Amino acid sequence: MMNRFAPLLAHAETVKDRHILDLFAAAPERARDFAAEAGPFLFDYSKTNIDAAGLALLIDLAETTGVAERRAAMFAGAKINETENRAVLHTAWRSPAESILVDGHDVMPPLRATLARMGAFATALREGRYTGQGGAITDVVNIGIGGSDLGPAMAALACTAFATGPRLHFVSNVDGAHIHDTLAGLNPETTLVIVASKTFTTIETMTNAETARVWMAEVVKTPATQFAAISSAVDKTAAFGIPPERVFGFEDWVGGRYSVWSPIGLSLMIGIGPEAFARFQAGAAAMDAHFLNAPFSANLPVLLALVGLWHNQVLGHATRAVLPYEQRLARLPAYLQQLEMESNGKRVSMDGADLPYHSGPVVWGEPGTNGQHAFYQLIHQGTRVVPCEFIVTARGLEPDLEHQHLLLVANCLAQSEALLRGRSLEDATAIMRKKGLEGAELERQARHRVFPGNRPSTTLLFDQLTPETLGGLIALYEHRVFVEGVILGINSFDQWGVELGKELALALAPVLEGKADGAAKDGSTRALAERIRELRGL
Ligand SMILES: O=P(O)(O)OC[C@H]1O[C@H](O)[C@H](O)[C@@H](O)[C@@H]1O
């Protein structure tokens, strides 16, 4: 397979040592030219080493690798998830389209019916008409993992200021501590449990659901009435004992990590209400329209993808820090870890050939300003370059605390400025000289205070974090991952890499119980299993 990044790699060789600040000096309009807008979002990528020639090569890459064709195919319901022979239509769940055909069938009427049923259920529950044994539902526990947890959990936290319904809780880990600690504070008589699993076979979720059922059954006479299920395997939900009127189904053409728009978002809908949920979907639909219609040079998902590829595949920076200056986006990095790393963490191209370049980067991050007091040291002065994606809102949602939000925003801008500008040895020396140092000690101390600068970052700015802007933000990242995947030539919509560990875990449980022989295991696994058996008194 040809390395499609070859022209960019050659270009990068000629520019990689220059200072980004020089690009600003040479082109006073750079901040305007290397930025783009979509609805409420402004994406500034001027603090990168991309110049006009580099951008042209990047856009050329998007054009020659078939991004536009693949995009049209995705939205039209073609089976672009080729290793699972599935369409990729999470966009249908937020689409204003009258009809979308998959295998000749219009998927929109049943989808609209399910959304209406979700809305009716959420409203009845919020208004206290759908009750538990002890009266109105006060708490909703969503049991799910991966895409059946991260989306609604991240979005529920992000929409805290819009929460008008029962309290939401999320249990994901098979570690009994998670469900124990969550249920400990709840009254089973006024709790609704949502079992969220696309496949309804995921061991963590089924185990936690069973634990919740036992907990509920101790007090509630008909526990099934306080359970709802979300799945694309509705036959399995019936076997679990959840009646069809509280089962919300979706088709397998919605990937788990893309499913927050589908019934997997039910907990969020209960928390913020169907109208706010519709605004969340509308924000995403607006981003879909932008992604479909804007030219590549002004297309936010395309530009985010191109900047990502520039940093990872072209310049060789292996990680990407996502740094939201917005405390309620605290779970966004975790959400994006699944979205980006499960989608684009692949090693072969669509046709099965080894990739001649790296696939997706390691994505990580924490909200600012917290991260500043933890890991930014490495970002500023470490030996590796970490491209940073700052996400920041101009205004908070607490009118009395706007002075704090202003400080937050100032910190965000200060960080990207510091990364860009750095501090020279001369400046550091002058500072230390003022403190009275001289000679060899002056130089030694000054060197510790040098910031190399010339470190790339992007800033995504919008006004406020609302259900609409959250929807747009998530859709932006979904499409960015899609574009990166198309350019890399991989399938972003399967996740075979999670299977092996699941199989081995199932085989190891009986070994740990002493019911099966672990002789065939490697020495380390066998020794650890033996020690665990000892510690557990088995
Ligand atoms: O929704 P479920 O079928 O329970 O799947 C939950 C999660 O588990 C899997 O292992 C996948 O890696 C994820 O993509 C998925 O979101």
# chains A, B, ... in the order shown; residues from 1 in each chain; ligands from 1
$ residues_near_ligand --ligand "ligand 1" --cutoff "10 Å" --atoms "only C-alpha atoms and all ligand atoms" --output "number ranges by chain"
A: 143-151, 172, 195-206, 230-233, 252, 255-259, 264, 338-339, 342-343, 493-499, 501-502
$ write_last_selection --atoms "C-alpha atoms" --output "PDB file, in the first residue's frame"
ATOM      1  CA  ILE A 143     -26.700   0.321  33.549  1.00  0.00           C
ATOM      2  CA  GLY A 144     -24.512   0.039  30.471  1.00  0.00           C
ATOM      3  CA  ILE A 145     -20.858   0.178  29.455  1.00  0.00           C
ATOM      4  CA  GLY A 146     -18.783   1.630  26.624  1.00  0.00           C
ATOM      5  CA  GLY A 147     -21.079   3.361  24.175  1.00  0.00           C
ATOM      6  CA  SER A 148     -24.077   2.465  26.312  1.00  0.00           C
ATOM      7  CA  ASP A 149     -22.634   4.485  29.170  1.00  0.00           C
ATOM      8  CA  LEU A 150     -20.090   7.074  28.069  1.00  0.00           C
ATOM      9  CA  GLY A 151     -22.419   9.026  25.756  1.00  0.00           C
ATOM     10  CA  SER A 172     -20.808   0.582  34.080  1.00  0.00           C
ATOM     11  CA  VAL A 195     -30.588  -1.634  31.159  1.00  0.00           C
ATOM     12  CA  ALA A 196     -28.773  -0.198  28.146  1.00  0.00           C
ATOM     13  CA  SER A 197     -26.969  -2.621  25.893  1.00  0.00           C
ATOM     14  CA  LYS A 198     -26.990  -2.740  22.140  1.00  0.00           C
ATOM     15  CA  THR A 199     -26.299  -6.472  22.119  1.00  0.00           C
ATOM     16  CA  PHE A 200     -27.873  -7.287  25.505  1.00  0.00           C
ATOM     17  CA  THR A 201     -25.100  -9.818  26.028  1.00  0.00           C
ATOM     18  CA  THR A 202     -22.326  -7.651  27.488  1.00  0.00           C
ATOM     19  CA  ILE A 203     -21.233  -9.430  30.620  1.00  0.00           C
ATOM     20  CA  GLU A 204     -20.695  -6.326  32.740  1.00  0.00           C
ATOM     21  CA  THR A 205     -24.134  -4.961  31.968  1.00  0.00           C
ATOM     22  CA  MET A 206     -26.000  -8.229  32.344  1.00  0.00           C
ATOM     23  CA  ILE A 230     -32.639  -0.322  25.419  1.00  0.00           C
ATOM     24  CA  SER A 231     -31.240  -2.687  22.859  1.00  0.00           C
ATOM     25  CA  SER A 232     -31.030  -3.719  19.257  1.00  0.00           C
ATOM     26  CA  ALA A 233     -31.733  -7.300  20.403  1.00  0.00           C
ATOM     27  CA  ASP A 252     -27.601  -2.525  14.415  1.00  0.00           C
ATOM     28  CA  GLY A 255     -22.507   1.846  16.463  1.00  0.00           C
ATOM     29  CA  GLY A 256     -22.288   1.736  20.260  1.00  0.00           C
ATOM     30  CA  ARG A 257     -19.996   4.758  20.480  1.00  0.00           C
ATOM     31  CA  TYR A 258     -22.311   6.706  18.144  1.00  0.00           C
ATOM     32  CA  SER A 259     -25.519   5.780  19.937  1.00  0.00           C
ATOM     33  CA  ILE A 264     -29.325   4.885  24.446  1.00  0.00           C
ATOM     34  CA  GLN A 338     -13.823   5.568  22.931  1.00  0.00           C
ATOM     35  CA  LEU A 339     -15.045   7.529  19.923  1.00  0.00           C
ATOM     36  CA  GLU A 342     -12.098   2.453  19.234  1.00  0.00           C
ATOM     37  CA  SER A 343     -12.927   3.874  15.810  1.00  0.00           C
ATOM     38  CA  PHE A 493     -16.969   1.367  12.597  1.00  0.00           C
ATOM     39  CA  ASP A 494     -15.884  -2.047  13.836  1.00  0.00           C
ATOM     40  CA  GLN A 495     -14.035  -2.908  17.059  1.00  0.00           C
ATOM     41  CA  TRP A 496     -12.556  -6.382  16.742  1.00  0.00           C
ATOM     42  CA  GLY A 497      -9.745  -5.349  19.063  1.00  0.00           C
ATOM     43  CA  VAL A 498     -11.959  -5.678  22.125  1.00  0.00           C
ATOM     44  CA  GLU A 499     -12.923  -9.296  21.499  1.00  0.00           C
ATOM     45  CA  GLY A 501      -9.755  -9.950  26.066  1.00  0.00           C
ATOM     46  CA  LYS A 502     -13.455 -10.728  26.502  1.00  0.00           C
TER      47      LYS A 502
END
$ select_by_dssp --residues "segment 202-428 of chain A" --states "strand (DSSP E or B)" --output "PDB file with C-alpha atoms, in the first residue's frame"
ATOM      1  CA  PHE A 227     -37.061  -1.594  34.634  1.00  0.00           C
ATOM      2  CA  ALA A 228     -36.712  -0.362  31.097  1.00  0.00           C
ATOM      3  CA  ALA A 229     -34.440  -1.753  28.400  1.00  0.00           C
ATOM      4  CA  ILE A 230     -32.639  -0.322  25.419  1.00  0.00           C
ATOM      5  CA  SER A 231     -31.240  -2.687  22.859  1.00  0.00           C
ATOM      6  CA  VAL A 247     -38.251  -1.712  25.607  1.00  0.00           C
ATOM      7  CA  PHE A 248     -36.803   0.842  23.199  1.00  0.00           C
ATOM      8  CA  GLY A 249     -35.127  -0.740  20.238  1.00  0.00           C
ATOM      9  CA  THR A 319      -0.859  11.720  21.334  1.00  0.00           C
ATOM     10  CA  ARG A 320      -3.584  14.325  21.276  1.00  0.00           C
ATOM     11  CA  ALA A 321      -4.674  16.153  24.415  1.00  0.00           C
ATOM     12  CA  VAL A 322      -8.296  17.297  24.559  1.00  0.00           C
ATOM     13  CA  LEU A 323      -8.564  20.081  27.092  1.00  0.00           C
ATOM     14  CA  PRO A 324     -12.065  21.410  27.714  1.00  0.00           C
ATOM     15  CA  TYR A 325     -12.182  24.625  29.706  1.00  0.00           C
ATOM     16  CA  VAL A 348      -5.012  -2.833   8.624  1.00  0.00           C
ATOM     17  CA  ASP A 354      -0.997  -3.604   6.818  1.00  0.00           C
ATOM     18  CA  VAL A 362      -3.681   8.269  21.785  1.00  0.00           C
ATOM     19  CA  VAL A 363      -6.384  10.663  22.980  1.00  0.00           C
ATOM     20  CA  TRP A 364      -6.401  11.898  26.540  1.00  0.00           C
ATOM     21  CA  CYS A 388      -3.406  20.306  22.364  1.00  0.00           C
ATOM     22  CA  GLU A 389      -7.046  20.827  21.505  1.00  0.00           C
ATOM     23  CA  PHE A 390      -8.493  23.551  23.682  1.00  0.00           C
ATOM     24  CA  ILE A 391     -12.273  23.728  23.920  1.00  0.00           C
ATOM     25  CA  VAL A 392     -13.676  26.834  25.567  1.00  0.00           C
ATOM     26  CA  THR A 393     -16.958  28.670  26.038  1.00  0.00           C
ATOM     27  CA  ARG A 423      10.208  31.692  27.063  1.00  0.00           C
TER      28      ARG A 423
END
$ select_by_dssp --residues "segment 305-450 of chain A" --states "alpha helix (DSSP H)" --output "ChimeraX atom specification"
/A:305-309,332-336,343-344,376-381,402-421,425-434,439-448
$ residues_around --residues "segment 443-447 of chain A" --least-positions-apart "4" --cutoff "9 Å" --atoms "only C-alpha atoms" --output "number ranges by chain"
A: 425-433, 437-439, 451
$ residues_around --residues "segment 57-73 of chain A" --least-positions-apart "5" --cutoff "8 Å" --atoms "only C-alpha atoms" --output "mmCIF file with C-alpha atoms, in the first residue's frame"
data_model
loop_
_atom_site.group_PDB
_atom_site.id
_atom_site.type_symbol
_atom_site.label_atom_id
_atom_site.label_comp_id
_atom_site.auth_asym_id
_atom_site.auth_seq_id
_atom_site.Cartn_x
_atom_site.Cartn_y
_atom_site.Cartn_z
ATOM 1 C CA ARG A 4 -0.640 8.578 0.860
ATOM 2 C CA PHE A 5 1.085 11.013 3.210
ATOM 3 C CA PRO A 7 3.757 14.587 -0.367
ATOM 4 C CA LEU A 8 2.924 15.939 3.084
ATOM 5 C CA ALA A 78 -24.825 2.398 2.295
ATOM 6 C CA LYS A 79 -23.077 -0.454 4.113
ATOM 7 C CA ILE A 80 -19.778 1.320 4.691
ATOM 8 C CA LEU A 292 -22.418 17.769 4.160
ATOM 9 C CA PHE A 296 -13.485 21.272 2.708
ATOM 10 C CA SER A 297 -11.495 24.451 3.323
ATOM 11 C CA VAL A 302 -12.725 18.040 7.777
ATOM 12 C CA LEU A 306 -6.717 17.320 8.678
ATOM 13 C CA TRP A 310 -0.940 16.641 10.189
ATOM 14 C CA VAL A 483 -12.886 11.839 7.929
ATOM 15 C CA VAL A 486 -11.554 7.571 5.414
ATOM 16 C CA ILE A 487 -8.211 9.242 4.769
ATOM 17 C CA GLY A 489 -8.339 3.956 4.575
#
$ atom_distance --atom1 "atom CA of Asp51 of chain A" --atom2 "atom CA of Val385 of chain A"
18.8 Å
$ residues_around --residues "His317 of chain A" --least-positions-apart "4" --cutoff "12 Å" --atoms "only C-alpha atoms" --output "PyMOL selection string"
chain A and resi 307-313+321+358-363+383-388+455-456
$ write_last_selection --atoms "C-alpha atoms" --output "PDB file, in the first residue's frame"
ATOM      1  CA  VAL A 307      -5.064  19.050  11.617  1.00  0.00           C
ATOM      2  CA  GLY A 308      -5.148  15.740  13.507  1.00  0.00           C
ATOM      3  CA  LEU A 309      -3.527  13.889  10.618  1.00  0.00           C
ATOM      4  CA  TRP A 310      -0.940  16.641  10.189  1.00  0.00           C
ATOM      5  CA  HIS A 311       0.128  16.265  13.799  1.00  0.00           C
ATOM      6  CA  ASN A 312      -0.005  12.502  14.069  1.00  0.00           C
ATOM      7  CA  GLN A 313       0.711  10.927  10.694  1.00  0.00           C
ATOM      8  CA  ALA A 321      -4.674  16.153  24.415  1.00  0.00           C
ATOM      9  CA  HIS A 358       0.229   5.089  11.999  1.00  0.00           C
ATOM     10  CA  SER A 359      -3.498   4.981  12.687  1.00  0.00           C
ATOM     11  CA  GLY A 360      -5.321   7.074  15.281  1.00  0.00           C
ATOM     12  CA  PRO A 361      -3.488   8.900  18.070  1.00  0.00           C
ATOM     13  CA  VAL A 362      -3.681   8.269  21.785  1.00  0.00           C
ATOM     14  CA  VAL A 363      -6.384  10.663  22.980  1.00  0.00           C
ATOM     15  CA  THR A 383      10.776  16.378  25.425  1.00  0.00           C
ATOM     16  CA  ARG A 384       7.721  15.220  23.454  1.00  0.00           C
ATOM     17  CA  VAL A 385       5.368  17.540  21.633  1.00  0.00           C
ATOM     18  CA  VAL A 386       1.720  17.056  22.584  1.00  0.00           C
ATOM     19  CA  PRO A 387      -0.688  18.774  20.199  1.00  0.00           C
ATOM     20  CA  CYS A 388      -3.406  20.306  22.364  1.00  0.00           C
ATOM     21  CA  ARG A 455       4.143  23.902  20.400  1.00  0.00           C
ATOM     22  CA  PRO A 456       0.953  23.512  18.378  1.00  0.00           C
TER      23      PRO A 456
END
$ closest_residue --among "A:Ile532, A:Ala153, A:Ala161, A:Leu460" --to "Leu303 of chain A" --atoms "only C-alpha atoms"
A:Leu460
$ residues_around --residues "Glu218 of chain A" --least-positions-apart "4" --cutoff "12 Å" --atoms "only C-alpha atoms" --output "PyMOL selection string"
chain A and resi 187-189+211-214+222-223
$ closest_residue --among "A:Val174, A:Leu413, A:Leu419, A:Leu407" --to "Ile379 of chain A" --atoms "only C-alpha atoms"
A:Leu419
$ closest_residue --among "A:Met216, A:Ala92, A:Ala136, A:Ala38" --to "Ala184 of chain A" --atoms "only C-alpha atoms"
A:Met216
$ residues_around --residues "Leu508 of chain A" --least-positions-apart "4" --cutoff "12 Å" --atoms "only C-alpha atoms" --output "mmCIF file with N, CA and C atoms, in the first residue's frame"
data_model
loop_
_atom_site.group_PDB
_atom_site.id
_atom_site.type_symbol
_atom_site.label_atom_id
_atom_site.label_comp_id
_atom_site.auth_asym_id
_atom_site.auth_seq_id
_atom_site.Cartn_x
_atom_site.Cartn_y
_atom_site.Cartn_z
ATOM 1 N N GLY A 501 -9.762 -10.066 24.608
ATOM 2 C CA GLY A 501 -9.755 -9.950 26.066
ATOM 3 C C GLY A 501 -11.044 -10.485 26.680
ATOM 4 N N LYS A 502 -12.173 -10.229 25.995
ATOM 5 C CA LYS A 502 -13.455 -10.728 26.502
ATOM 6 C C LYS A 502 -13.450 -12.254 26.546
ATOM 7 N N GLU A 503 -12.965 -12.872 25.464
ATOM 8 C CA GLU A 503 -12.939 -14.341 25.407
ATOM 9 C C GLU A 503 -12.059 -14.896 26.509
ATOM 10 N N LEU A 504 -10.883 -14.290 26.682
ATOM 11 C CA LEU A 504 -9.940 -14.805 27.676
ATOM 12 C C LEU A 504 -10.495 -14.627 29.090
ATOM 13 N N LEU A 512 -9.762 -18.979 38.043
ATOM 14 C CA LEU A 512 -9.630 -18.269 39.325
ATOM 15 C C LEU A 512 -10.457 -18.945 40.418
ATOM 16 N N GLU A 513 -11.530 -19.553 40.009
ATOM 17 C CA GLU A 513 -12.368 -20.259 40.997
ATOM 18 C C GLU A 513 -11.819 -21.637 41.331
ATOM 19 N N GLY A 514 -10.777 -22.048 40.608
ATOM 20 C CA GLY A 514 -10.222 -23.386 40.826
ATOM 21 C C GLY A 514 -11.039 -24.473 40.156
ATOM 22 N N LYS A 515 -11.943 -24.075 39.261
ATOM 23 C CA LYS A 515 -12.798 -25.075 38.618
ATOM 24 C C LYS A 515 -12.251 -25.510 37.266
ATOM 25 N N ALA A 516 -11.246 -24.804 36.791
ATOM 26 C CA ALA A 516 -10.656 -25.192 35.508
ATOM 27 C C ALA A 516 -9.147 -25.094 35.638
ATOM 28 N N ASP A 517 -8.495 -25.805 34.788
ATOM 29 C CA ASP A 517 -7.053 -25.913 34.840
ATOM 30 C C ASP A 517 -6.424 -24.768 34.035
ATOM 31 N N GLY A 518 -5.457 -24.097 34.625
ATOM 32 C CA GLY A 518 -4.818 -22.997 33.905
ATOM 33 C C GLY A 518 -3.471 -23.399 33.330
ATOM 34 N N ALA A 519 -3.225 -24.687 33.197
ATOM 35 C CA ALA A 519 -1.899 -25.167 32.792
ATOM 36 C C ALA A 519 -1.455 -24.612 31.446
ATOM 37 N N ALA A 520 -2.405 -24.376 30.565
ATOM 38 C CA ALA A 520 -2.039 -23.919 29.214
ATOM 39 C C ALA A 520 -1.702 -22.426 29.181
ATOM 40 N N LYS A 521 -1.906 -21.747 30.301
ATOM 41 C CA LYS A 521 -1.642 -20.299 30.323
ATOM 42 C C LYS A 521 -0.144 -20.019 30.383
ATOM 43 N N THR A 525 0.562 -15.378 33.792
ATOM 44 C CA THR A 525 -0.877 -15.461 34.054
ATOM 45 C C THR A 525 -1.154 -16.587 35.053
ATOM 46 N N ARG A 526 -0.424 -17.695 34.892
ATOM 47 C CA ARG A 526 -0.646 -18.836 35.790
ATOM 48 C C ARG A 526 -0.248 -18.464 37.221
ATOM 49 N N LEU A 528 -0.018 -15.459 38.574
ATOM 50 C CA LEU A 528 -0.948 -14.459 39.128
ATOM 51 C C LEU A 528 -2.256 -15.124 39.546
ATOM 52 N N ALA A 529 -2.744 -16.048 38.715
ATOM 53 C CA ALA A 529 -3.998 -16.739 39.041
ATOM 54 C C ALA A 529 -3.834 -17.538 40.330
ATOM 55 N N GLU A 530 -2.672 -18.173 40.457
ATOM 56 C CA GLU A 530 -2.436 -18.956 41.679
ATOM 57 C C GLU A 530 -2.435 -18.054 42.904
ATOM 58 N N ILE A 532 -3.855 -15.171 43.273
ATOM 59 C CA ILE A 532 -5.214 -14.658 43.519
ATOM 60 C C ILE A 532 -6.059 -15.728 44.218
ATOM 61 N N ARG A 533 -5.898 -16.969 43.785
ATOM 62 C CA ARG A 533 -6.651 -18.062 44.442
ATOM 63 C C ARG A 533 -6.261 -18.144 45.912
#
$ closest_residue --among "A:Asp181, A:Glu251, A:Asp44, A:Met118" --to "Arg86 of chain A" --atoms "only C-alpha atoms"
A:Glu251
